[in-house]
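Single-structure report; data block below.
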Amino acid sequence: MIFLKIELHNLTLALTALLLFVVVLIIAVLIYGYKNYQLINNAQQWKNLIEEKISYSIFNGIGDIQKDQEFEKLLKNKNFKKIFISVLIESDQRFVGDAHKILKDIFYIYKLDKLAWEKLQSNNIYQNVRGIQVMTAMNVIDAINKITQHLNHKNPYVYSEAQYSIVRLNGFEGLKFLDSLEKPLSDWQQMRLSQAIKTLSHSDFDSICQWLSNQNQTVINFALSLIRKFRIHSIHDNVINLLNHQEIDVRINAIKTLQTIDNSTTMDTLIEIYPKQENLIKVEIIKFINRTGDKSQMPFIKDILEKERDIYILIEVVNLLKKFNDYTHLQEKATDINLDSKLLTVIKNALHSKL
């Protein structure tokens with residue numbers, strides 16, 4: 001009986017301890033939630049205040065903001081500084097010229113550059129990215145060397161942001177990392193880098209030509225995007241050489257690029273290589289003719305209609321004949337009793353849609 005009383009007593013103590021633990025845990029969660037709510041609420045208020053102060057400074061100068069003691073007091077709060085950094089990064093895309101100069105003045109007046117350097121040199125990945133972003137937004141040229149060191153960072157978010165940053169800060173010269181880049185450039189990153197390049201000089205064309213023979217396929221595709229963007233006709237023959245590249249994706253991009261820099265030999269070259277190409281490339285060549293609207297290629301198109309059996313190729317060819325208003329040929333094919341059923345279906349749909 002004594003043993004049972006001891007066990008019951010121990011069980012009561014255990015349940016009481018567990019209940020106290022649960023109560024403490026609930027209180028901790030409530031306190032944590034309240035603090036988070038306060039932080040989120042403060043963050044929104046701070047963001048609105050900072051944006052208001054920046055807008056006022058842009059239109060009226062920075063004299064008043066420097067005299068604002070309440071604002072100065074808030075800047076002692078580390079969380080407030082973080083919000084300030086975020087607003088500056090966002091504002092970079094909205095302001096240019098004198099307005100952007102005001103942003104930089106505010107950045108240095110309140111020594112936010114010191115916080116940016118701390119983030120840049122931190123061992124924390126998120127802090128590194130934010131540091132790179134604010135240095136880029138504030139156009140801190142002195143940070144280029146430090147940012148360049150992050151090009152070999154093990155984390156893709158860090159080295160991708162570093163790539164974009166040095167191109168923003170250093171123009172085409174910032175793309176030198178492509179010479180030895182082994183990691184792939186995502187489509188999104190290629191687009192960002194391309195948008196960051198505003199101008200090219202003739203001396204830059206040599207580097208672009210070299211990238212066209214790079215072992216990294218994504219570097220080749222990026223070089224092609226620059227050729228398209230700036231319509232570099234002098235590199236036409238180098239792009240033509242890519243039509244023999246082993247990767248289909250590169251050949252497709254090469255054909256799309258030739259569309260923007262084509263000359264009198266381009267079409268003949270594409271027609272010459274057509275028979276030996278995979279169906280995806282054949283479709284792209286037909287689309288090339290479609291985009292040029294070159295009716296002189298009608299014999300070639302009709303020949304494709306006779307020889308090809310791939311449904312996607314047939315659809316492109318029939319649509320091209322429709323575009324050129326050659327319904328007579330389509331109607332003749334539709335009455336051919338020996339016509340492949342797939343092609344017949346495609347032609348009938350095309351003729352029906354005309355009506």
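In the structure tokens, each chain is lettered A, B, ... as it comes, each chain's residues begin at 1, and ligands are numbered from 1 in order of appearance.
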For Pro184 of chain A, work out the shell of residues within 9 Å, counting only C-alpha atoms and skipping chain neighbours fewer than 3 positions away, then give it as a PyMOL selection string. chain A and resi 181+216-219
Once you have the residues from the selection above, write them out as a PDB file, in the first residue's frame, restricted to C-alpha atoms.
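Okay, selection_13.pdb is ready:
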```pdb
ATOM      1  CA  LEU A 181      33.164  30.191 -65.267  1.00  0.00           C
ATOM      2  CA  ASN A 216      30.250  26.252 -70.624  1.00  0.00           C
ATOM      3  CA  GLN A 217      27.074  26.071 -72.696  1.00  0.00           C
ATOM      4  CA  THR A 218      25.297  28.745 -70.638  1.00  0.00           C
ATOM      5  CA  VAL A 219      28.133  31.202 -71.327  1.00  0.00           C
TER       6      VAL A 219
END
```
Please identify the helix (DSSP H, G or I) residues within segment 95-150 of chain A (assignment by DSSP from backbone atoms) and present them as a VMD selection string. chain A and resid 97 to 109 112 to 120 125 to 137 141 to 150
Export of the given selection (N, CA and C atoms) as a short mmCIF file (atom, residue, chain, number, x, y, z; two decimals), in the first residue's frame:
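Result file follows (result-v7.cif):
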```cif
data_model
loop_
_atom_site.label_atom_id
_atom_site.label_comp_id
_atom_site.auth_asym_id
_atom_site.auth_seq_id
_atom_site.Cartn_x
_atom_site.Cartn_y
_atom_site.Cartn_z
N GLY A 97 19.76 59.81 -61.33
CA GLY A 97 20.26 61.18 -61.40
C GLY A 97 20.42 61.82 -60.03
N ASP A 98 19.93 63.07 -59.90
CA ASP A 98 20.06 63.81 -58.64
C ASP A 98 19.34 63.13 -57.49
N ALA A 99 18.20 62.49 -57.79
CA ALA A 99 17.45 61.79 -56.74
C ALA A 99 18.27 60.65 -56.16
N HIS A 100 18.97 59.94 -57.02
CA HIS A 100 19.81 58.84 -56.54
C HIS A 100 21.00 59.38 -55.74
N LYS A 101 21.48 60.54 -56.12
CA LYS A 101 22.59 61.16 -55.37
C LYS A 101 22.15 61.49 -53.95
N ILE A 102 20.91 61.93 -53.79
CA ILE A 102 20.37 62.20 -52.46
C ILE A 102 20.35 60.91 -51.63
N LEU A 103 19.95 59.80 -52.26
CA LEU A 103 19.95 58.51 -51.56
C LEU A 103 21.35 58.18 -51.05
N LYS A 104 22.36 58.39 -51.89
CA LYS A 104 23.74 58.09 -51.50
C LYS A 104 24.19 59.01 -50.35
N ASP A 105 23.78 60.27 -50.41
CA ASP A 105 24.15 61.20 -49.35
C ASP A 105 23.58 60.73 -48.01
N ILE A 106 22.32 60.31 -48.03
CA ILE A 106 21.67 59.81 -46.81
C ILE A 106 22.38 58.55 -46.32
N PHE A 107 22.75 57.71 -47.25
CA PHE A 107 23.45 56.46 -46.94
C PHE A 107 24.73 56.72 -46.15
N TYR A 108 25.49 57.74 -46.56
CA TYR A 108 26.76 58.05 -45.90
C TYR A 108 26.57 58.93 -44.65
N ILE A 109 25.60 59.83 -44.69
CA ILE A 109 25.37 60.71 -43.54
C ILE A 109 25.07 59.89 -42.28
N LEU A 112 25.35 54.28 -42.82
CA LEU A 112 24.81 52.97 -43.18
C LEU A 112 25.81 52.16 -43.99
N ASP A 113 26.81 52.87 -44.54
CA ASP A 113 27.86 52.17 -45.27
C ASP A 113 28.64 51.23 -44.34
N LYS A 114 28.77 51.63 -43.06
CA LYS A 114 29.47 50.79 -42.09
C LYS A 114 28.73 49.47 -41.89
N LEU A 115 27.39 49.56 -41.77
CA LEU A 115 26.57 48.36 -41.63
C LEU A 115 26.66 47.50 -42.89
N ALA A 116 26.70 48.15 -44.06
CA ALA A 116 26.78 47.41 -45.32
C ALA A 116 28.10 46.64 -45.41
N TRP A 117 29.19 47.27 -44.97
CA TRP A 117 30.49 46.58 -44.97
C TRP A 117 30.47 45.39 -44.02
N GLU A 118 29.83 45.54 -42.88
CA GLU A 118 29.72 44.44 -41.93
C GLU A 118 28.98 43.26 -42.54
N LYS A 119 27.90 43.57 -43.24
CA LYS A 119 27.13 42.51 -43.89
C LYS A 119 27.96 41.82 -44.98
N LEU A 120 28.67 42.62 -45.72
CA LEU A 120 29.48 42.10 -46.83
C LEU A 120 30.56 41.14 -46.34
N ILE A 125 25.22 33.86 -44.89
CA ILE A 125 24.88 33.94 -46.32
C ILE A 125 23.89 35.06 -46.60
N TYR A 126 22.83 35.14 -45.78
CA TYR A 126 21.82 36.18 -46.00
C TYR A 126 22.43 37.57 -45.87
N GLN A 127 23.29 37.74 -44.85
CA GLN A 127 23.94 39.03 -44.64
C GLN A 127 24.84 39.40 -45.82
N ASN A 128 25.55 38.39 -46.35
CA ASN A 128 26.40 38.62 -47.54
C ASN A 128 25.58 39.16 -48.70
N VAL A 129 24.46 38.52 -48.96
CA VAL A 129 23.60 38.92 -50.09
C VAL A 129 23.09 40.34 -49.90
N ARG A 130 22.63 40.66 -48.68
CA ARG A 130 22.12 42.01 -48.42
C ARG A 130 23.25 43.05 -48.55
N GLY A 131 24.43 42.68 -48.07
CA GLY A 131 25.57 43.59 -48.19
C GLY A 131 25.90 43.88 -49.64
N ILE A 132 25.91 42.84 -50.46
CA ILE A 132 26.20 43.01 -51.89
C ILE A 132 25.12 43.88 -52.54
N GLN A 133 23.86 43.61 -52.18
CA GLN A 133 22.75 44.34 -52.79
C GLN A 133 22.80 45.83 -52.48
N VAL A 134 23.08 46.17 -51.21
CA VAL A 134 23.09 47.60 -50.86
C VAL A 134 24.31 48.30 -51.45
N MET A 135 25.46 47.61 -51.52
CA MET A 135 26.63 48.21 -52.15
C MET A 135 26.36 48.47 -53.64
N THR A 136 25.63 47.58 -54.26
CA THR A 136 25.26 47.74 -55.67
C THR A 136 24.29 48.89 -55.84
N ALA A 137 23.27 48.91 -54.97
CA ALA A 137 22.25 49.96 -55.06
C ALA A 137 22.84 51.34 -54.86
N ILE A 141 31.75 51.84 -55.55
CA ILE A 141 32.82 51.29 -56.39
C ILE A 141 33.93 50.66 -55.55
N ASP A 142 34.18 51.23 -54.37
CA ASP A 142 35.25 50.72 -53.50
C ASP A 142 34.98 49.28 -53.05
N ALA A 143 33.74 48.83 -53.19
CA ALA A 143 33.40 47.49 -52.72
C ALA A 143 33.65 46.41 -53.78
N ILE A 144 34.03 46.81 -54.99
CA ILE A 144 34.18 45.85 -56.09
C ILE A 144 35.13 44.72 -55.74
N ASN A 145 36.29 45.05 -55.18
CA ASN A 145 37.28 44.01 -54.87
C ASN A 145 36.73 42.99 -53.88
N LYS A 146 36.03 43.48 -52.86
CA LYS A 146 35.47 42.57 -51.85
C LYS A 146 34.35 41.73 -52.45
N ILE A 147 33.51 42.36 -53.28
CA ILE A 147 32.41 41.62 -53.92
C ILE A 147 32.96 40.56 -54.87
N THR A 148 34.05 40.90 -55.57
CA THR A 148 34.68 39.96 -56.50
C THR A 148 35.11 38.68 -55.79
N GLN A 149 35.51 38.80 -54.53
CA GLN A 149 35.92 37.61 -53.76
C GLN A 149 34.76 36.64 -53.56
N HIS A 150 33.54 37.16 -53.64
CA HIS A 150 32.36 36.31 -53.44
C HIS A 150 31.96 35.56 -54.72
#
```
Env of Asn79 of chain A: 10 Å cut, atoms = only C-alpha atoms, seq-sep filter 6 positions within chain, self excluded. Answer as a list in words.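 Near Asn79 of chain A, the qualifying residues are Leu39, Asn42, Ala43, Trp46 and Ile85 of chain A.
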Selection from above, N, CA and C atoms, as a tab-separated table (two decimals), in the first residue's frame, can you write it?
```tsv
chain	number	residue	atom	x	y	z
A	39	LEU	N	7.41	43.73	-33.74
A	39	LEU	CA	8.50	43.96	-34.70
A	39	LEU	C	7.94	44.18	-36.10
A	42	ASN	N	6.19	47.54	-36.10
A	42	ASN	CA	7.19	48.60	-36.12
A	42	ASN	C	7.86	48.71	-37.48
A	43	ALA	N	8.15	47.53	-38.07
A	43	ALA	CA	8.83	47.50	-39.37
A	43	ALA	C	8.03	48.25	-40.42
A	46	TRP	N	8.13	51.97	-39.57
A	46	TRP	CA	9.46	52.49	-39.87
A	46	TRP	C	9.65	52.64	-41.38
A	85	ILE	N	18.19	49.97	-44.72
A	85	ILE	CA	18.97	49.34	-45.79
A	85	ILE	C	18.04	48.76	-46.85
```
Need to verify the contact set: segment 197-209 of chain A, 12 Å, only C-alpha atoms, exclusion of same-chain residues closer than 6 positions in sequence. Can you return it as number ranges by chain? A: 164-179, 190-191, 219-242
Which residues of segment 163-264 of chain A have any atom within 10 Å of an atom in segment 279-285 of chain A when counting only C-alpha atoms, and what is the closest pair of atoms for each, with the distance in Å to one decimal? Order the rows by chain and rising number and write it as CSV.
```
residue,atom,partner,partner_atom,distance
A:Leu243,CA,A:Ile281,CA,9.5
A:Ile248,CA,A:Ile281,CA,7.3
A:Asp249,CA,A:Ile281,CA,9.0
A:Arg251,CA,A:Ile281,CA,7.3
A:Ile252,CA,A:Ile281,CA,6.2
A:Asn253,CA,A:Glu284,CA,9.4
A:Ile255,CA,A:Glu284,CA,7.2
A:Lys256,CA,A:Glu284,CA,8.0
```
Taking 5 positions as the minimum chain separation for residues in the same chain, which residues sit within 9 Å of Lys348 of chain A when counting only C-alpha atoms? Answer as a compact mmCIF listing (two decimals) with N, CA and C atoms, in the first residue's frame.
```txt
# COMPACT_ATOMS: atom_id res chain seq x y z
N LEU A 330 -2.93 23.83 -100.34
CA LEU A 330 -3.47 23.08 -99.21
C LEU A 330 -4.72 22.29 -99.62
N GLN A 331 -5.56 22.90 -100.41
CA GLN A 331 -6.78 22.23 -100.88
C GLN A 331 -6.43 21.05 -101.79
N ALA A 334 -5.32 18.24 -99.66
CA ALA A 334 -6.44 17.66 -98.90
C ALA A 334 -7.23 16.65 -99.72
N LEU A 343 -1.20 14.40 -91.60
CA LEU A 343 -1.11 15.62 -92.39
C LEU A 343 -2.49 16.07 -92.84
N SER A 353 -10.28 26.50 -90.16
CA SER A 353 -10.08 27.73 -89.39
C SER A 353 -10.12 28.97 -90.28
```
What does the structure give for the distance between atom CA of Asn77 of chain A and atom CA of Met138 of chain A, in Å to one decimal?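 About the pair atom CA of Asn77 of chain A and atom CA of Met138 of chain A: they are 21.4 Å apart.
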Grab the atom CA of Ser213 of chain A to atom CA of Ile289 of chain A distance for me, in Å with one decimal place.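 Calculated distance between atom CA of Ser213 of chain A and atom CA of Ile289 of chain A is 26.6 Å.
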Neighbours of Gly63 of chain A within 12 Å (only C-alpha atoms; same-chain residues fewer than 3 positions away dropped), as JSON, numbers by chain? {"A": [53, 54, 56, 57, 58, 59, 60, 66, 67, 68, 102, 105, 106, 109]}
Quick one: pull the distance between atom CA of Arg309 of chain A and atom CA of Thr265 of chain A, Å, one decimal.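 Computed distance, atom CA of Arg309 of chain A to atom CA of Thr265 of chain A, equals 28.0 Å.
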